[in-house]
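K.L.:
So here's upload.txt, just compact mmCIF, C-alpha atoms:
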```
# COMPACT_ATOMS: atom_id res chain seq x y z
CA MET A 1 5.29 -55.74 -69.58
CA ARG A 2 3.09 -53.56 -67.39
CA GLU A 3 4.68 -54.90 -64.22
CA LEU A 4 8.20 -54.22 -65.48
CA LEU A 5 7.40 -50.71 -66.70
CA ALA A 6 5.50 -49.74 -63.55
CA GLY A 7 8.31 -51.20 -61.45
CA GLY A 8 10.89 -48.95 -63.09
CA ALA A 9 12.81 -51.72 -64.87
CA ILE A 10 13.95 -49.30 -67.60
CA GLY A 11 13.71 -46.09 -65.56
CA GLU A 12 11.82 -43.08 -66.90
CA ILE A 13 10.18 -43.91 -70.24
CA GLY A 14 11.23 -41.64 -73.08
CA SER A 15 9.66 -43.20 -76.18
CA VAL A 16 7.60 -46.07 -77.55
CA GLU A 17 7.91 -47.71 -80.97
CA PHE A 18 4.83 -49.71 -81.93
CA SER A 19 4.31 -51.51 -85.26
CA TRP A 20 1.14 -53.53 -85.86
CA LEU A 21 0.83 -55.88 -88.84
CA LEU A 22 -2.54 -57.04 -90.17
CA ASP A 23 -2.09 -59.86 -92.67
CA THR A 24 -3.83 -60.10 -96.03
CA ALA A 25 -6.61 -62.21 -94.49
CA HIS A 26 -7.41 -60.14 -91.40
CA GLY A 27 -6.46 -56.76 -92.86
CA ALA A 28 -8.38 -57.27 -96.09
CA ASP A 29 -11.53 -58.08 -94.15
CA TYR A 30 -11.89 -54.43 -93.16
CA PHE A 31 -11.97 -53.58 -96.85
CA ARG A 32 -14.63 -56.17 -97.69
CA ARG A 33 -17.16 -55.00 -95.11
CA TRP A 34 -18.89 -51.82 -93.90
CA HIS A 35 -15.60 -50.67 -92.34
CA ARG A 36 -14.36 -49.68 -95.84
CA ASP A 37 -16.46 -46.49 -95.70
CA LYS A 38 -14.97 -44.01 -93.25
CA ALA A 39 -18.36 -42.39 -92.71
CA ASN A 40 -19.50 -45.68 -91.15
CA SER A 41 -16.43 -46.73 -89.20
CA GLY A 42 -14.16 -43.76 -88.54
CA GLY A 43 -11.36 -45.70 -90.25
CA LEU A 44 -8.80 -48.10 -88.85
CA LEU A 45 -7.43 -45.44 -86.48
CA VAL A 46 -10.68 -45.57 -84.53
CA HIS A 47 -12.06 -49.11 -84.67
CA LYS A 48 -8.79 -51.08 -84.88
CA SER A 49 -5.92 -48.90 -83.65
CA GLY A 50 -8.07 -47.77 -80.73
CA HIS A 51 -7.25 -51.11 -79.07
CA HIS A 52 -3.55 -50.45 -79.59
CA PHE A 53 -3.71 -46.89 -78.26
CA ASP A 54 -5.53 -48.27 -75.23
CA LEU A 55 -2.65 -50.67 -74.59
CA VAL A 56 -0.07 -47.88 -74.80
CA ASN A 57 -2.10 -45.64 -72.46
CA TRP A 58 -2.26 -48.51 -69.97
CA TRP A 59 1.41 -49.40 -70.28
CA LEU A 60 2.45 -45.77 -69.82
CA GLY A 61 -0.20 -44.89 -67.26
CA SER A 62 -1.10 -41.70 -69.14
CA GLY A 63 -3.31 -40.52 -71.99
CA PRO A 64 -2.57 -38.54 -75.17
CA GLU A 65 -1.79 -34.82 -75.24
CA GLU A 66 -0.93 -34.05 -78.88
CA VAL A 67 -1.28 -36.15 -82.05
CA PHE A 68 0.08 -35.95 -85.58
CA ALA A 69 -0.70 -38.48 -88.32
CA LEU A 70 0.07 -39.39 -91.91
CA GLY A 71 -1.79 -42.05 -93.88
CA ARG A 72 -2.97 -43.17 -97.28
CA LEU A 73 -4.78 -45.89 -99.19
CA PHE A 74 -1.76 -47.66 -100.65
CA PHE A 75 -2.80 -51.25 -101.33
CA TYR A 76 -6.59 -51.68 -101.51
CA GLY A 77 -9.19 -49.75 -103.52
CA ASP A 78 -9.88 -49.61 -107.25
CA GLU A 79 -6.82 -47.56 -108.31
CA ASN A 80 -4.42 -49.77 -106.38
CA GLY A 81 -6.18 -52.89 -107.62
CA ARG A 82 -4.91 -52.25 -111.11
CA ARG A 83 -1.40 -52.80 -109.72
CA HIS A 84 -1.97 -55.27 -106.90
CA ARG A 85 -4.80 -57.57 -107.95
CA THR A 86 -3.59 -61.17 -108.18
CA SER A 87 -4.72 -63.90 -110.56
CA GLY A 88 -7.60 -65.94 -109.16
CA ASP A 89 -8.31 -63.15 -106.66
CA ARG A 90 -6.81 -64.51 -103.42
CA PHE A 91 -8.85 -61.89 -101.53
CA ALA A 92 -12.24 -63.45 -102.33
CA LEU A 93 -14.00 -64.92 -99.28
CA ASP A 94 -16.22 -67.93 -100.03
CA LEU A 95 -19.22 -67.41 -97.76
CA ASP A 96 -20.99 -70.47 -99.13
CA ALA A 97 -18.16 -72.77 -98.07
CA SER A 98 -18.80 -72.03 -94.39
CA PRO A 99 -22.21 -72.95 -92.90
CA LYS A 100 -21.72 -70.32 -90.19
CA LEU A 101 -20.84 -67.50 -92.60
CA ARG A 102 -23.56 -68.56 -95.01
CA ALA A 103 -26.19 -68.45 -92.28
CA LEU A 104 -24.97 -65.16 -90.85
CA TYR A 105 -24.47 -63.27 -94.10
CA ARG A 106 -25.31 -64.92 -97.42
CA ASP A 107 -28.80 -66.07 -96.42
CA ALA A 108 -29.53 -62.65 -94.91
CA GLU A 109 -28.49 -60.54 -97.92
CA ARG A 110 -32.04 -60.51 -99.29
CA GLU A 111 -33.31 -59.24 -95.92
CA ASP A 112 -31.10 -56.23 -95.39
CA GLY A 113 -29.07 -55.84 -98.59
CA TYR A 114 -25.79 -56.06 -96.68
CA VAL A 115 -23.02 -57.64 -98.78
CA ARG A 116 -20.41 -59.17 -96.46
CA ASN A 117 -17.85 -60.00 -99.14
CA GLN A 118 -17.26 -56.91 -101.26
CA ASP A 119 -14.32 -56.68 -103.63
CA VAL A 120 -11.35 -55.08 -101.81
CA PHE A 121 -10.27 -53.58 -105.15
CA ALA A 122 -13.66 -52.09 -106.04
CA PRO A 123 -14.66 -48.41 -105.77
CA GLY A 124 -16.04 -47.18 -102.45
CA VAL A 125 -13.02 -47.66 -100.18
CA THR A 126 -12.53 -44.39 -98.29
CA ILE A 127 -10.34 -45.56 -95.37
CA GLU A 128 -6.54 -45.75 -95.21
CA ASP A 129 -4.54 -49.00 -95.12
CA ASP A 130 -1.11 -47.57 -94.20
CA LEU A 131 -0.96 -45.23 -91.20
CA SER A 132 1.72 -43.50 -89.12
CA VAL A 133 0.93 -41.68 -85.88
CA LEU A 134 3.06 -39.63 -83.47
CA VAL A 135 1.58 -39.10 -80.00
CA ARG A 136 2.99 -37.03 -77.17
CA HIS A 137 1.61 -38.41 -73.93
CA ARG A 138 0.86 -36.32 -70.87
CA GLY A 139 3.72 -37.93 -69.01
CA GLY A 140 6.15 -36.73 -71.69
CA ALA A 141 6.78 -40.02 -73.51
CA VAL A 142 6.37 -40.02 -77.30
CA LEU A 143 4.69 -42.87 -79.19
CA ASN A 144 5.74 -43.68 -82.77
CA TYR A 145 2.99 -45.96 -84.15
CA HIS A 146 2.52 -47.63 -87.52
CA LEU A 147 -0.31 -49.82 -88.82
CA HIS A 148 -0.02 -51.97 -91.98
CA ALA A 149 -3.23 -53.62 -93.23
CA TYR A 150 -1.65 -55.64 -96.07
CA SER A 151 1.18 -57.54 -94.37
CA PRO A 152 2.17 -61.12 -95.31
CA ARG A 153 2.02 -62.09 -91.62
CA GLU A 154 0.10 -61.07 -88.51
CA GLY A 155 1.54 -59.72 -85.29
CA TYR A 156 3.13 -56.71 -83.64
CA ARG A 157 6.29 -55.33 -82.12
CA VAL A 158 6.48 -52.76 -79.35
CA ALA A 159 9.59 -51.35 -77.70
CA PHE A 160 9.95 -48.97 -74.77
CA SER A 161 13.16 -46.96 -74.42
CA GLY A 162 13.91 -45.56 -70.97
CA SER A 163 16.60 -43.82 -68.99
CA GLU A 164 17.89 -47.18 -67.74
CA GLY A 165 17.28 -49.56 -70.63
CA ARG A 166 14.89 -50.96 -73.20
CA LEU A 167 11.96 -53.40 -73.13
CA GLU A 168 10.92 -55.15 -76.35
CA LEU A 169 7.92 -57.37 -77.08
CA ASP A 170 7.63 -59.35 -80.33
CA VAL A 171 4.32 -61.14 -80.94
CA ARG A 172 3.87 -63.38 -83.99
CA GLU A 173 0.27 -64.49 -84.38
CA ASN A 174 0.89 -66.37 -87.64
CA GLU A 175 3.64 -66.69 -90.22
CA TYR A 176 1.62 -66.00 -93.36
CA ALA A 177 -1.83 -65.95 -94.98
CA SER A 178 -2.39 -68.10 -98.05
CA GLY A 179 -5.52 -66.33 -99.22
CA ALA A 180 -8.69 -65.07 -97.57
CA GLU A 181 -7.94 -67.14 -94.46
CA PRO A 182 -4.80 -67.15 -92.25
CA VAL A 183 -2.71 -70.30 -92.00
CA PRO A 184 -3.59 -71.93 -88.64
CA LYS A 185 -0.69 -71.74 -86.22
CA ARG A 186 -0.36 -71.10 -82.51
CA GLY A 187 1.30 -67.71 -82.10
CA ARG A 188 4.29 -66.89 -79.95
CA ALA A 189 5.32 -63.96 -77.75
CA ARG A 190 8.87 -63.03 -76.74
CA LEU A 191 9.64 -60.29 -74.21
CA THR A 192 13.22 -59.04 -73.81
CA LEU A 193 14.60 -56.65 -71.21
CA GLN A 194 17.99 -55.00 -71.72
CA ARG A 195 19.32 -52.63 -69.12
CA LEU A 196 22.10 -50.18 -69.94
CA TRP A 197 25.55 -51.78 -70.06
CA SER A 198 24.06 -55.28 -69.61
CA PRO A 199 23.31 -58.21 -71.92
CA PRO A 200 19.66 -58.80 -72.93
CA GLU A 201 17.45 -60.90 -70.68
CA VAL A 202 14.59 -62.95 -72.15
CA VAL A 203 11.79 -62.43 -69.64
CA LEU A 204 9.14 -64.38 -71.53
CA ASP A 205 9.12 -66.72 -74.53
CA GLN A 206 5.94 -68.76 -74.88
CA GLU A 207 3.02 -69.73 -77.08
CA LEU A 208 -0.06 -67.53 -77.08
CA GLY A 209 -3.28 -68.79 -75.58
CA GLU A 210 -6.51 -69.29 -77.52
CA GLY A 211 -8.91 -66.39 -78.13
CA HIS A 212 -6.95 -63.17 -78.60
CA GLY A 213 -3.88 -64.57 -76.92
CA GLY A 214 -5.84 -65.72 -73.88
CA GLY A 215 -7.52 -62.35 -73.38
CA ASP A 216 -11.05 -63.53 -74.17
CA GLU A 217 -11.19 -65.82 -71.15
CA ARG A 218 -10.00 -63.07 -68.80
CA MET A 219 -12.43 -60.54 -70.28
CA LEU A 220 -15.39 -62.88 -69.82
CA ALA A 221 -14.35 -63.55 -66.23
CA GLU A 222 -14.28 -59.79 -65.59
CA LEU A 223 -17.71 -59.26 -67.16
CA LEU A 224 -19.27 -62.18 -65.28
CA GLY A 225 -17.79 -61.27 -61.91
CA ASP A 226 -15.44 -64.25 -61.72
CA ALA A 227 -12.17 -62.38 -62.22
CA GLU A 228 -9.19 -62.54 -59.88
CA PRO A 229 -8.00 -59.32 -58.19
CA ASP A 230 -6.89 -56.84 -60.86
CA ALA A 231 -3.81 -55.23 -59.30
CA LEU A 232 -2.50 -54.05 -62.68
CA GLY A 233 -5.75 -52.45 -63.80
CA CYS A 234 -6.14 -54.74 -66.82
CA ALA A 235 -9.90 -54.16 -67.05
CA ALA A 236 -10.56 -51.00 -69.05
CA ASP A 237 -13.33 -48.64 -67.90
CA HIS A 238 -15.23 -45.96 -69.84
CA ASP A 239 -12.48 -43.38 -69.28
CA ALA A 240 -9.83 -45.71 -70.73
CA GLY A 241 -12.08 -46.17 -73.76
CA LEU A 242 -12.42 -42.42 -74.16
CA GLN A 243 -8.66 -41.86 -73.95
CA ALA A 244 -8.02 -44.47 -76.65
CA LEU A 245 -10.75 -43.04 -78.85
CA LEU A 246 -9.34 -39.52 -78.49
CA THR A 247 -6.03 -40.61 -79.99
CA GLY A 248 -7.79 -42.04 -83.04
CA LEU A 249 -10.08 -39.04 -83.47
CA ALA A 250 -7.19 -36.59 -83.13
CA ALA A 251 -5.18 -38.62 -85.65
CA ASN A 252 -8.07 -38.50 -88.11
CA ARG A 253 -8.27 -34.72 -87.65
CA SER A 254 -4.54 -34.50 -88.29
CA LEU A 255 -4.91 -36.46 -91.55
CA VAL A 256 -7.36 -33.81 -92.76
CA THR A 257 -5.62 -30.68 -91.48
CA GLY A 258 -1.99 -31.72 -91.94
CA ARG A 259 -1.07 -30.39 -88.49
CA ALA A 260 -0.61 -31.67 -84.96
CA VAL A 261 -3.88 -31.76 -83.01
CA SER A 262 -4.22 -30.88 -79.34
CA VAL A 263 -6.40 -33.39 -77.51
CA ASP A 264 -7.60 -30.67 -75.11
CA GLU A 265 -8.77 -28.56 -78.05
CA LEU A 266 -10.56 -31.58 -79.53
CA LEU A 267 -12.26 -32.30 -76.20
CA GLY A 268 -13.37 -28.68 -75.99
CA GLU A 269 -15.01 -28.94 -79.41
CA ILE A 270 -16.73 -32.20 -78.52
CA GLY A 271 -18.01 -30.70 -75.28
CA GLU A 272 -19.50 -27.60 -76.92
CA PRO A 273 -23.31 -27.71 -77.34
CA ALA A 274 -24.66 -27.98 -80.87
```
Show me this structure written as structure tokens.

P.N.:
Amino acid sequence: MRELLAGGAIGEIGSVEFSWLLDTAHGADYFRRWHRDKANSGGLLVHKSGHHFDLVNWWLGSGPEEVFALGRLFFYGDENGRRHRTSGDRFALDLDASPKLRALYRDAEREDGYVRNQDVFAPGVTIEDDLSVLVRHRGGAVLNYHLHAYSPREGYRVAFSGSEGRLELDVRENEYASGAEPVPKRGRARLTLQRLWSPPEVVLDQELGEGHGGGDERMLAELLGDAEPDALGCAADHDAGLQALLTGLAANRSLVTGRAVSVDELLGEIGEPA
């Protein structure tokens, strides 16, 4: 994807459509744990979507300039639980059934009081589970992003529209979740390029690798100094992290104010001494 975009396969990029689906196993996990309190986590726009904003910044080669967001708690939480709770509570995670989870969390509850498996429909959820974000990037392209944290399946779709065509990536990490755990299945990625006045061309159609689609192995190689030359700039540095974080922080500010937020203004506030 990065090679094609940087090589001008679709010309000048005008817009990006990005939809990320968290299934009812993965998505619900953020509402069981400490992430459910926005004062602790900053919400999904910071600790989850930040990875997605980082990808877009890298694909486009530019950071955010202005951000507008809408979001709400639609599915989880106590009020929504009265409508959405299922019989037998499919969202319950059995920590005792897993020796690893039991050792990490259940056996340690008496030490620190941290409850790993809170009820996703209980009071105390202050983060959103359905989020829409518009981002104008410094290069002029506009990102239209949506995150669902209660989807029946896991995966994402991203499409770039340019002056000479369109590039679409569809990633399916699993087909469905049967309860608190996803159904094991090797995911699949399909990348399609369609230039103006031409039929679509399937550039890539293959199974995903293990460990975040094969990314874990490459990340470890980078950290341990065993990585191959990084001509595409895959390894993110501190500045890339900051640019991704700024999109999430600006989006959170927009949720509160109801207006578009300038990233430069936000940076100015962050840089001011206390």

K.L.:
Could you work out how far CA of Ala25 (chain A) lies from CA of Asp107 (chain A), giving the answer in Å with one decimal?

P.N.:
22.6 Å

K.L.:
Using all atoms listed in the file for the distances, tell me which of A:Tyr176, A:Trp34, A:Phe53, A:Phe160 is nearest to Val67 (chain A).

P.N.:
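For Val67 (chain A), the nearest of the candidates is A:Phe53.
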
K.L.:
Suppose you want the space between CA of Glu265 (chain A) and CA of Ala240 (chain A); what is it in Å?

P.N.:
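The value is 18.7 Å.
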
K.L.:
Closest to Glu173 (chain A) among A:Leu21, A:Leu266, A:Val133, A:Leu73, using only C-alpha atoms?

P.N.:
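The closest residue to Glu173 (chain A) is A:Leu21.
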
K.L.:
Give the answer as one residue: which of A:Glu207, A:Asp226, A:Glu66, A:Glu269 has the shortest atom-to-atom distance to Arg138 (chain A), using only C-alpha atoms?

P.N.:
A:Glu66

K.L.:
Determine, counting only C-alpha atoms, which protein, DNA and RNA residues have an atom within 10 Å of an atom of Leu60 (chain A); residues of the same chain fewer than 4 positions away are not included. Present the result as a ChimeraX atom specification.

P.N.:
/A:2,5-6,13,15-16,54-56,137-141,160

K.L.:
Using all atoms listed in the file, determine which residues lie at most 12 Å from Asn80 (chain A), disregarding the query and same-chain residues fewer than 2 positions distant; provide the list as a list in words.

P.N.:
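Returned residues: Arg72, Leu73, Phe74, Phe75, Tyr76, Gly77, Asp78, Arg82, Arg83, His84, Arg85, Thr86, Val120, Phe121, Ala122, Pro123, Val125 and Asp129 of chain A.
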
K.L.:
Around (14.9, -46.0, -64.7) in the file's own coordinates, what residues are found within 6 Å if you use only C-alpha atoms, given back as a tab-separated table (two decimals) with C-alpha atoms, in the frame of the given file?

P.N.:
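Written out: point_33.tsv:
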```tsv
chain	number	residue	atom	x	y	z
A	8	GLY	CA	10.89	-48.95	-63.09
A	10	ILE	CA	13.95	-49.30	-67.60
A	11	GLY	CA	13.71	-46.09	-65.56
A	12	GLU	CA	11.82	-43.08	-66.90
A	163	SER	CA	16.60	-43.82	-68.99
A	164	GLU	CA	17.89	-47.18	-67.74
```

K.L.:
Considering all atoms listed in the file, state which residue in the set A:Thr247, A:Val171, A:Glu222, A:Arg116 is at the smallest distance from Leu104 (chain A).

P.N.:
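Looking at the shortest contact to Leu104 (chain A), the residue is A:Arg116.
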
K.L.:
I'd like the box whose edges run along x, y and z of the file and which contains every listed atom of region 105-115 of chain A, padded by 6 Å per side; could you state its centre and edge lengths in Å, one decimal, as lines of an AutoDock Vina configuration file?

P.N.:
```
center_x = -28.2
center_y = -61.0
center_z = -96.7
size_x = 22.3
size_y = 22.2
size_z = 17.2
```

K.L.:
Just the residues within 6 Å of region 37-50 of chain A, please, counting all atoms listed in the file, with nothing from its chain fewer than 6 positions along; format it as an MDAnalysis selection string.

P.N.:
chainID A and resid 125:127 244:245 248

K.L.:
Of the candidates A:Arg157, A:Arg136, A:Trp197, A:Ala227, which shows the shortest atom-to-atom distance to Glu65 (chain A), using all atoms listed in the file?

P.N.:
A:Arg136

K.L.:
For Ser151 (chain A), which residue out of A:Ala177, A:Leu22, A:Ala9, A:Leu101 is the nearest one, using all atoms listed in the file?

P.N.:
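Result for the nearest residue to Ser151 (chain A): A:Leu22.
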
K.L.:
Work out how far CA of Trp58 (chain A) is from CA of Asp230 (chain A), in Å to one decimal.

P.N.:
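One can read the CA of Asp230 (chain A) to CA of Trp58 (chain A) distance as 13.2 Å.
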
K.L.:
When you look at Val202 (chain A) with a cut-off of 8 Å (counting all atoms listed in the file), what residues show up, excluding the ones that are within fewer than 2 positions of it in the same chain? I need them as a PyMOL selection string.

P.N.:
chain A and resi 190-193+200+204-205
